[in-house]
Amino acid sequence: MAAMGQKFPLYKDSSYLLILSTLLGMYVMMSSGHFLLFFLGLEMASVPMACLVAFDKYKQQSAEAAAKYILTATFSSGVMLYGISMLYGVCGTLYFDVMALVIAAKGSVFSGQGTMLIMGMVFFFSGLGFKISLVPFHFWTADTYQGAPTPVTGYLSVVSKGAATLTLAIILMKVFASMVDYWEPLLWIVIMLTITVGNLFAIRQKELKRFMAFSSISQAGYIMLAVVGNSTVGLTALTFYVLVYVAANLAVFTVITAVEHRPTPQPLPVREGSGYTQGCMDGQKVSTPLPHREGQGGGSTQMSAYNGLYQTNPKLALLMTLALFSLAGISWPLSEVTRLPHSGPTSWSSSPLSTR
């Protein structure tokens, strides 16, 4: 967030306050054992996040992204509350532990209330699916990611998604564990649609922040795969995946921020008598602009701005490459190491790397 503090020095303190508010809300959401406390924590994180999305008030896209985010968040909150009210009407409680016991004890005796219980679970899942950007609840993601300031986009893509996925996994495995036959097929369908749609639409993008938006949509599908098994091993795998995803995504958005704030190359004066004064008329000095591609630096997040990045800044290019490889699941350094023979020094002679 240092880039935001430099760009908006008058609002530096308010940005830190908003970030702390979102972190507090996500902490309350993840540590809650009651549906109402969970909802309060979710809203405590969502409203300051909308303010962060609209932080660049001089940019029209930022205001548009914040409007789409807050409208979608409002709709998803209403859907979620409707589902929670159905669950309360059937179970008579909003505590996670008590509701799980009630559902497990009376799951087959609900008769007419069974439909309301299933609908309440579906509405709750749909409301939280908006926060995670699962298909078909993903329409706000690309526009919000593109319009928000780049540091906010990176923060939104990792913190909000990580907290929401972990919370949804815990609630499904803890509260609705006895209803796994109902939510597991639904989860399979949503996961397949999320992965397919996210990857297909990401290929078509020419703007890097929109590309990362659809990448985060597909990553949400991969993250939710760990919930399908309904086991503690899956929850451990989900936690590890989220940690790696957070590190890789933050690295990508760090590079995007650095390239976006890179100054546009300025023309250089050409000295007389050098080999670059060809084309001068009447001994007048001319200025030759530095060779650069269209859209390179100067606030651009187009993919064309990264042409030749390995020449101008090889460290950023390496960081971007490793982060994208990590998001794609390509561990090329590890795979090369594991291919090396382990039978001793004499085995190098039979290695394909040997020239003998």
# chains A, B, ... in the order shown; residues from 1 in each chain; ligands from 1
call {"tool": "residues_around", "arguments": {"residues": "Leu117 (chain A)", "least_positions_apart": "6", "cutoff": "7 Å", "atoms": "only C-alpha atoms", "output": "ChimeraX atom specification"}}
result
/A:86-87,90
call {"tool": "select_by_dssp", "arguments": {"residues": "region 304-333 of chain A", "states": "helix (DSSP H, G or I)", "output": "VMD selection string"}}
result
chain A and resid 304 to 306 309 to 312 314 to 328 332 to 333
call {"tool": "write_last_selection", "arguments": {"atoms": "C-alpha atoms", "output": "PDB file, in the first residue's frame"}}
result
ATOM      1  CA  SER A 304       2.035  -4.761 -24.311  1.00  0.00           C
ATOM      2  CA  ALA A 305       3.687  -2.787 -21.500  1.00  0.00           C
ATOM      3  CA  TYR A 306       5.648  -5.917 -20.573  1.00  0.00           C
ATOM      4  CA  LEU A 309      10.745  -6.372 -19.579  1.00  0.00           C
ATOM      5  CA  TYR A 310      13.583  -8.890 -19.298  1.00  0.00           C
ATOM      6  CA  GLN A 311      15.865  -6.329 -20.959  1.00  0.00           C
ATOM      7  CA  THR A 312      14.861  -3.253 -18.952  1.00  0.00           C
ATOM      8  CA  PRO A 314      15.439  -8.653 -15.495  1.00  0.00           C
ATOM      9  CA  LYS A 315      14.722  -8.987 -11.756  1.00  0.00           C
ATOM     10  CA  LEU A 316      11.078  -8.014 -12.160  1.00  0.00           C
ATOM     11  CA  ALA A 317      10.806 -10.291 -15.187  1.00  0.00           C
ATOM     12  CA  LEU A 318      12.189 -13.211 -13.174  1.00  0.00           C
ATOM     13  CA  LEU A 319       9.829 -12.505 -10.270  1.00  0.00           C
ATOM     14  CA  MET A 320       6.846 -12.328 -12.629  1.00  0.00           C
ATOM     15  CA  THR A 321       7.876 -15.575 -14.347  1.00  0.00           C
ATOM     16  CA  LEU A 322       8.269 -17.508 -11.100  1.00  0.00           C
ATOM     17  CA  ALA A 323       4.972 -16.171  -9.727  1.00  0.00           C
ATOM     18  CA  LEU A 324       3.027 -17.044 -12.886  1.00  0.00           C
ATOM     19  CA  PHE A 325       4.640 -20.499 -12.960  1.00  0.00           C
ATOM     20  CA  SER A 326       3.524 -20.981  -9.356  1.00  0.00           C
ATOM     21  CA  LEU A 327      -0.051 -19.924 -10.144  1.00  0.00           C
ATOM     22  CA  ALA A 328      -0.077 -22.284 -13.123  1.00  0.00           C
ATOM     23  CA  TRP A 332      10.080 -26.223 -13.165  1.00  0.00           C
ATOM     24  CA  PRO A 333      13.083 -25.836 -10.832  1.00  0.00           C
TER      25      PRO A 333
END
call {"tool": "closest_atom_pairs", "arguments": {"of": "region 94-150 of chain A", "to": "region 160-166 of chain A", "cutoff": "12 Å", "atoms": "only C-alpha atoms", "output": "JSON lines"}}
result
{"residue": "A:Phe125", "atom": "CA", "partner": "A:Thr165", "partner_atom": "CA", "distance": 11.0}
{"residue": "A:Gly127", "atom": "CA", "partner": "A:Ala164", "partner_atom": "CA", "distance": 10.9}
{"residue": "A:Leu128", "atom": "CA", "partner": "A:Ala164", "partner_atom": "CA", "distance": 7.2}
{"residue": "A:Gly129", "atom": "CA", "partner": "A:Ala164", "partner_atom": "CA", "distance": 8.7}
{"residue": "A:Phe130", "atom": "CA", "partner": "A:Ala164", "partner_atom": "CA", "distance": 9.8}
{"residue": "A:Lys131", "atom": "CA", "partner": "A:Ala164", "partner_atom": "CA", "distance": 6.7}
{"residue": "A:Ile132", "atom": "CA", "partner": "A:Lys161", "partner_atom": "CA", "distance": 5.3}
{"residue": "A:Ser133", "atom": "CA", "partner": "A:Lys161", "partner_atom": "CA", "distance": 8.1}
{"residue": "A:Leu134", "atom": "CA", "partner": "A:Thr165", "partner_atom": "CA", "distance": 10.3}
{"residue": "A:Thr141", "atom": "CA", "partner": "A:Lys161", "partner_atom": "CA", "distance": 11.4}
call {"tool": "write_last_selection", "arguments": {"atoms": "N, CA and C atoms", "output": "mmCIF file, in the first residue's frame"}}
result
data_model
loop_
_atom_site.group_PDB
_atom_site.id
_atom_site.type_symbol
_atom_site.label_atom_id
_atom_site.label_comp_id
_atom_site.auth_asym_id
_atom_site.auth_seq_id
_atom_site.Cartn_x
_atom_site.Cartn_y
_atom_site.Cartn_z
ATOM 1 N N PHE A 125 -24.745 -20.679 0.481
ATOM 2 C CA PHE A 125 -23.607 -20.976 -0.395
ATOM 3 C C PHE A 125 -23.527 -19.975 -1.552
ATOM 4 N N GLY A 127 -24.629 -16.835 -1.564
ATOM 5 C CA GLY A 127 -24.187 -15.535 -1.073
ATOM 6 C C GLY A 127 -22.695 -15.478 -0.851
ATOM 7 N N LEU A 128 -22.118 -16.555 -0.321
ATOM 8 C CA LEU A 128 -20.674 -16.574 -0.106
ATOM 9 C C LEU A 128 -19.928 -16.839 -1.409
ATOM 10 N N GLY A 129 -20.613 -17.463 -2.389
ATOM 11 C CA GLY A 129 -19.989 -17.670 -3.697
ATOM 12 C C GLY A 129 -19.685 -16.370 -4.405
ATOM 13 N N PHE A 130 -20.488 -15.315 -4.155
ATOM 14 C CA PHE A 130 -20.196 -13.996 -4.709
ATOM 15 C C PHE A 130 -18.868 -13.467 -4.176
ATOM 16 N N LYS A 131 -18.606 -13.679 -2.894
ATOM 17 C CA LYS A 131 -17.375 -13.166 -2.297
ATOM 18 C C LYS A 131 -16.147 -13.895 -2.846
ATOM 19 N N ILE A 132 -16.318 -15.187 -3.171
ATOM 20 C CA ILE A 132 -15.188 -15.986 -3.645
ATOM 21 C C ILE A 132 -15.036 -15.905 -5.156
ATOM 22 N N SER A 133 -16.030 -15.355 -5.848
ATOM 23 C CA SER A 133 -16.037 -15.248 -7.315
ATOM 24 C C SER A 133 -16.187 -16.609 -7.979
ATOM 25 N N LEU A 134 -17.040 -17.440 -7.432
ATOM 26 C CA LEU A 134 -17.354 -18.705 -8.082
ATOM 27 C C LEU A 134 -18.358 -18.467 -9.199
ATOM 28 N N THR A 141 -16.103 -9.426 -10.911
ATOM 29 C CA THR A 141 -14.681 -9.550 -10.589
ATOM 30 C C THR A 141 -13.782 -8.790 -11.559
#
call {"tool": "residues_around", "arguments": {"residues": "region 17-31 of chain A", "least_positions_apart": "3", "cutoff": "10 Å", "atoms": "only C-alpha atoms", "output": "NGL selection string"}}
result
:A and (1 or 12-14 or 34-52 or 152 or 155-156 or 159-160 or 162-168 or 170-171)
call {"tool": "write_last_selection", "arguments": {"atoms": "N, CA, C and O atoms", "output": "compact mmCIF listing (two decimals), in the first residue's frame"}}
result
# COMPACT_ATOMS: atom_id res chain seq x y z
N MET A 1 0.81 -1.21 0.00
CA MET A 1 0.00 0.00 0.00
C MET A 1 0.85 1.27 0.00
O MET A 1 0.33 2.38 0.08
N LYS A 12 -3.49 9.05 3.20
CA LYS A 12 -2.65 7.94 3.60
C LYS A 12 -3.16 7.30 4.90
O LYS A 12 -3.24 6.08 5.01
N ASP A 13 -3.51 8.13 5.88
CA ASP A 13 -3.97 7.59 7.16
C ASP A 13 -5.30 6.84 7.00
O ASP A 13 -5.51 5.81 7.64
N SER A 14 -6.19 7.37 6.18
CA SER A 14 -7.48 6.70 6.00
C SER A 14 -7.32 5.35 5.32
O SER A 14 -8.07 4.42 5.61
N HIS A 34 -21.03 -18.33 15.28
CA HIS A 34 -22.45 -17.95 15.21
C HIS A 34 -22.67 -17.27 13.86
O HIS A 34 -21.83 -16.49 13.40
N PHE A 35 -23.80 -17.56 13.23
CA PHE A 35 -24.04 -17.05 11.88
C PHE A 35 -24.16 -15.53 11.85
O PHE A 35 -23.70 -14.88 10.91
N LEU A 36 -24.78 -14.93 12.87
CA LEU A 36 -24.90 -13.48 12.88
C LEU A 36 -23.56 -12.80 13.08
O LEU A 36 -23.26 -11.78 12.45
N LEU A 37 -22.72 -13.36 13.96
CA LEU A 37 -21.38 -12.81 14.15
C LEU A 37 -20.56 -12.97 12.88
O LEU A 37 -19.79 -12.08 12.50
N PHE A 38 -20.75 -14.10 12.21
CA PHE A 38 -20.08 -14.31 10.92
C PHE A 38 -20.52 -13.25 9.90
O PHE A 38 -19.68 -12.69 9.18
N PHE A 39 -21.80 -12.95 9.85
CA PHE A 39 -22.31 -11.97 8.90
C PHE A 39 -21.79 -10.57 9.22
O PHE A 39 -21.44 -9.80 8.32
N LEU A 40 -21.73 -10.22 10.51
CA LEU A 40 -21.20 -8.91 10.90
C LEU A 40 -19.73 -8.77 10.51
O LEU A 40 -19.29 -7.71 10.03
N GLY A 41 -18.97 -9.82 10.71
CA GLY A 41 -17.58 -9.78 10.29
C GLY A 41 -17.42 -9.65 8.78
O GLY A 41 -16.54 -8.93 8.29
N LEU A 42 -18.29 -10.32 8.04
CA LEU A 42 -18.25 -10.23 6.58
C LEU A 42 -18.54 -8.82 6.11
O LEU A 42 -17.86 -8.29 5.22
N GLU A 43 -19.55 -8.19 6.69
CA GLU A 43 -19.88 -6.82 6.30
C GLU A 43 -18.82 -5.83 6.78
O GLU A 43 -18.54 -4.83 6.12
N MET A 44 -18.22 -6.11 7.93
CA MET A 44 -17.16 -5.25 8.43
C MET A 44 -15.95 -5.26 7.49
O MET A 44 -15.19 -4.29 7.42
N ALA A 45 -15.78 -6.35 6.75
CA ALA A 45 -14.69 -6.43 5.77
C ALA A 45 -15.11 -5.90 4.41
O ALA A 45 -14.28 -5.33 3.68
N SER A 46 -16.37 -6.06 4.03
CA SER A 46 -16.81 -5.71 2.67
C SER A 46 -16.94 -4.20 2.48
O SER A 46 -16.53 -3.67 1.44
N VAL A 47 -17.52 -3.49 3.45
CA VAL A 47 -17.76 -2.05 3.28
C VAL A 47 -16.44 -1.27 3.19
O VAL A 47 -16.27 -0.44 2.26
N PRO A 48 -15.46 -1.47 4.08
CA PRO A 48 -14.18 -0.76 3.89
C PRO A 48 -13.47 -1.17 2.60
O PRO A 48 -12.76 -0.35 2.00
N MET A 49 -13.67 -2.43 2.16
CA MET A 49 -13.05 -2.85 0.92
C MET A 49 -13.60 -2.07 -0.27
O MET A 49 -12.87 -1.71 -1.19
N ALA A 50 -14.92 -1.77 -0.25
CA ALA A 50 -15.50 -0.94 -1.31
C ALA A 50 -14.91 0.46 -1.29
O ALA A 50 -14.69 1.06 -2.35
N CYS A 51 -14.63 0.99 -0.11
CA CYS A 51 -13.98 2.32 -0.02
C CYS A 51 -12.57 2.27 -0.60
O CYS A 51 -12.13 3.21 -1.26
N LEU A 52 -11.86 1.17 -0.38
CA LEU A 52 -10.52 1.03 -0.95
C LEU A 52 -10.58 0.93 -2.47
O LEU A 52 -9.71 1.47 -3.16
N VAL A 152 -4.74 -2.17 -4.27
CA VAL A 152 -6.01 -2.64 -3.71
C VAL A 152 -6.47 -3.91 -4.42
O VAL A 152 -7.00 -4.83 -3.79
N TYR A 155 -4.53 -6.72 -2.92
CA TYR A 155 -5.03 -6.98 -1.57
C TYR A 155 -6.38 -7.69 -1.61
O TYR A 155 -6.62 -8.65 -0.87
N LEU A 156 -7.26 -7.23 -2.49
CA LEU A 156 -8.59 -7.84 -2.61
C LEU A 156 -8.50 -9.27 -3.11
O LEU A 156 -9.26 -10.14 -2.66
N VAL A 159 -6.54 -11.50 0.18
CA VAL A 159 -7.05 -11.51 1.56
C VAL A 159 -8.52 -11.90 1.58
O VAL A 159 -8.94 -12.78 2.34
N SER A 160 -9.33 -11.25 0.75
CA SER A 160 -10.76 -11.54 0.75
C SER A 160 -11.04 -12.97 0.32
O SER A 160 -11.83 -13.68 0.95
N GLY A 162 -8.98 -15.61 0.32
CA GLY A 162 -8.46 -16.58 1.27
C GLY A 162 -9.35 -16.74 2.49
O GLY A 162 -9.66 -17.86 2.92
N ALA A 163 -9.80 -15.62 3.06
CA ALA A 163 -10.66 -15.69 4.25
C ALA A 163 -12.01 -16.32 3.92
O ALA A 163 -12.54 -17.13 4.69
N ALA A 164 -12.59 -15.95 2.78
CA ALA A 164 -13.92 -16.46 2.42
C ALA A 164 -13.88 -17.96 2.12
O ALA A 164 -14.79 -18.71 2.51
N THR A 165 -12.85 -18.43 1.42
CA THR A 165 -12.77 -19.85 1.10
C THR A 165 -12.56 -20.70 2.35
O THR A 165 -13.19 -21.76 2.50
N LEU A 166 -11.69 -20.25 3.23
CA LEU A 166 -11.48 -21.00 4.47
C LEU A 166 -12.75 -21.04 5.31
O LEU A 166 -13.10 -22.09 5.89
N THR A 167 -13.46 -19.93 5.39
CA THR A 167 -14.70 -19.89 6.18
C THR A 167 -15.76 -20.79 5.57
O THR A 167 -16.45 -21.53 6.29
N LEU A 168 -15.92 -20.75 4.25
CA LEU A 168 -16.91 -21.60 3.60
C LEU A 168 -16.58 -23.07 3.79
O LEU A 168 -17.47 -23.89 4.05
N ILE A 170 -14.92 -24.42 6.30
CA ILE A 170 -15.18 -24.79 7.70
C ILE A 170 -16.67 -24.97 7.95
O ILE A 170 -17.10 -25.93 8.60
N ILE A 171 -17.49 -24.08 7.42
CA ILE A 171 -18.93 -24.16 7.65
C ILE A 171 -19.52 -25.39 6.96
O ILE A 171 -20.36 -26.11 7.53
call {"tool": "residues_around", "arguments": {"residues": "Arg204 (chain A)", "least_positions_apart": "5", "cutoff": "12 Å", "atoms": "only C-alpha atoms", "output": "number ranges by chain"}}
result
A: 197-199, 210-212, 214-215, 303
call {"tool": "write_last_selection", "arguments": {"atoms": "N, CA and C atoms", "output": "short mmCIF file (atom, residue, chain, number, x, y, z; two decimals), in the first residue's frame"}}
result
data_model
loop_
_atom_site.label_atom_id
_atom_site.label_comp_id
_atom_site.auth_asym_id
_atom_site.auth_seq_id
_atom_site.Cartn_x
_atom_site.Cartn_y
_atom_site.Cartn_z
N VAL A 197 -14.68 -21.72 -17.12
CA VAL A 197 -14.97 -20.34 -17.54
C VAL A 197 -13.79 -19.43 -17.24
N GLY A 198 -13.19 -19.56 -16.06
CA GLY A 198 -12.08 -18.71 -15.69
C GLY A 198 -10.90 -18.84 -16.63
N ASN A 199 -10.54 -20.06 -16.99
CA ASN A 199 -9.39 -20.26 -17.87
C ASN A 199 -9.68 -19.83 -19.30
N ARG A 210 -7.30 -7.61 -15.73
CA ARG A 210 -8.45 -8.45 -16.08
C ARG A 210 -8.02 -9.91 -16.23
N PHE A 211 -6.83 -10.11 -16.76
CA PHE A 211 -6.30 -11.47 -16.86
C PHE A 211 -6.17 -12.10 -15.48
N MET A 212 -5.64 -11.34 -14.52
CA MET A 212 -5.49 -11.86 -13.17
C MET A 212 -6.85 -12.04 -12.49
N PHE A 214 -9.65 -13.15 -14.01
CA PHE A 214 -10.15 -14.46 -14.43
C PHE A 214 -9.25 -15.59 -13.92
N SER A 215 -7.97 -15.28 -13.72
CA SER A 215 -7.09 -16.27 -13.09
C SER A 215 -7.54 -16.55 -11.65
N MET A 303 -0.92 -5.71 -21.53
CA MET A 303 0.14 -6.71 -21.65
C MET A 303 1.28 -6.22 -22.54
#
call {"tool": "closest_residue", "arguments": {"among": "A:Met80, A:Leu101, A:Ala148, A:Val190", "to": "Gln60 (chain A)", "atoms": "only C-alpha atoms"}}
result
A:Ala148
call {"tool": "atom_distance", "arguments": {"atom1": "CA of Trp140 (chain A)", "atom2": "CA of Thr74 (chain A)"}}
result
12.3 Å
call {"tool": "residues_around", "arguments": {"residues": "Gly154 (chain A)", "least_positions_apart": "3", "cutoff": "7 Å", "atoms": "only C-alpha atoms", "output": "PyMOL selection string"}}
result
chain A and resi 150-151+157-158+250+253
call {"tool": "residues_around", "arguments": {"residues": "region 216-221 of chain A", "least_positions_apart": "3", "cutoff": "6 Å", "atoms": "only C-alpha atoms", "output": "ChimeraX atom specification"}}
result
/A:133,191,194-195,198,213,224
call {"tool": "atom_distance", "arguments": {"atom1": "CA of Ser126 (chain A)", "atom2": "CA of Leu172 (chain A)"}}
result
12.7 Å
call {"tool": "atom_distance", "arguments": {"atom1": "CA of Asp143 (chain A)", "atom2": "CA of Val122 (chain A)"}}
result
26.2 Å
call {"tool": "closest_residue", "arguments": {"among": "A:Tyr16, A:Phe75, A:Tyr245, A:Tyr95", "to": "Gly33 (chain A)", "atoms": "only C-alpha atoms"}}
result
A:Tyr95
call {"tool": "closest_residue", "arguments": {"among": "A:Ser15, A:Thr93, A:Gln146, A:Gln302", "to": "Lys68 (chain A)", "atoms": "only C-alpha atoms"}}
result
A:Gln146
call {"tool": "closest_residue", "arguments": {"among": "A:Ala226, A:Ala104, A:Val252, A:Leu208", "to": "Met179 (chain A)", "atoms": "only C-alpha atoms"}}
result
A:Ala104
call {"tool": "closest_residue", "arguments": {"among": "A:Leu225, A:Pro149, A:Asn230, A:Met192", "to": "Glu260 (chain A)", "atoms": "only C-alpha atoms"}}
result
A:Pro149
call {"tool": "decode", "arguments": {"residues": "region 246-260 of chain A", "atoms": "C-alpha atoms", "output": "PDB file, in the first residue's frame"}}
result
ATOM      1  CA  VAL A 246      -1.369 -15.501  -1.577  1.00  0.00           C
ATOM      2  CA  ALA A 247       2.416 -15.325  -1.984  1.00  0.00           C
ATOM      3  CA  ALA A 248       2.353 -15.842  -5.768  1.00  0.00           C
ATOM      4  CA  ASN A 249      -0.504 -13.421  -6.391  1.00  0.00           C
ATOM      5  CA  LEU A 250       1.089 -10.696  -4.279  1.00  0.00           C
ATOM      6  CA  ALA A 251       4.302 -11.139  -6.264  1.00  0.00           C
ATOM      7  CA  VAL A 252       2.431 -10.684  -9.552  1.00  0.00           C
ATOM      8  CA  PHE A 253       0.665  -7.539  -8.392  1.00  0.00           C
ATOM      9  CA  THR A 254       3.940  -6.177  -7.026  1.00  0.00           C
ATOM     10  CA  VAL A 255       5.387  -6.386 -10.523  1.00  0.00           C
ATOM     11  CA  ILE A 256       2.227  -4.869 -12.032  1.00  0.00           C
ATOM     12  CA  THR A 257       2.458  -1.934  -9.618  1.00  0.00           C
ATOM     13  CA  ALA A 258       6.140  -1.391 -10.398  1.00  0.00           C
ATOM     14  CA  VAL A 259       5.573  -1.418 -14.161  1.00  0.00           C
ATOM     15  CA  GLU A 260       2.449   0.754 -13.886  1.00  0.00           C
TER      16      GLU A 260
END
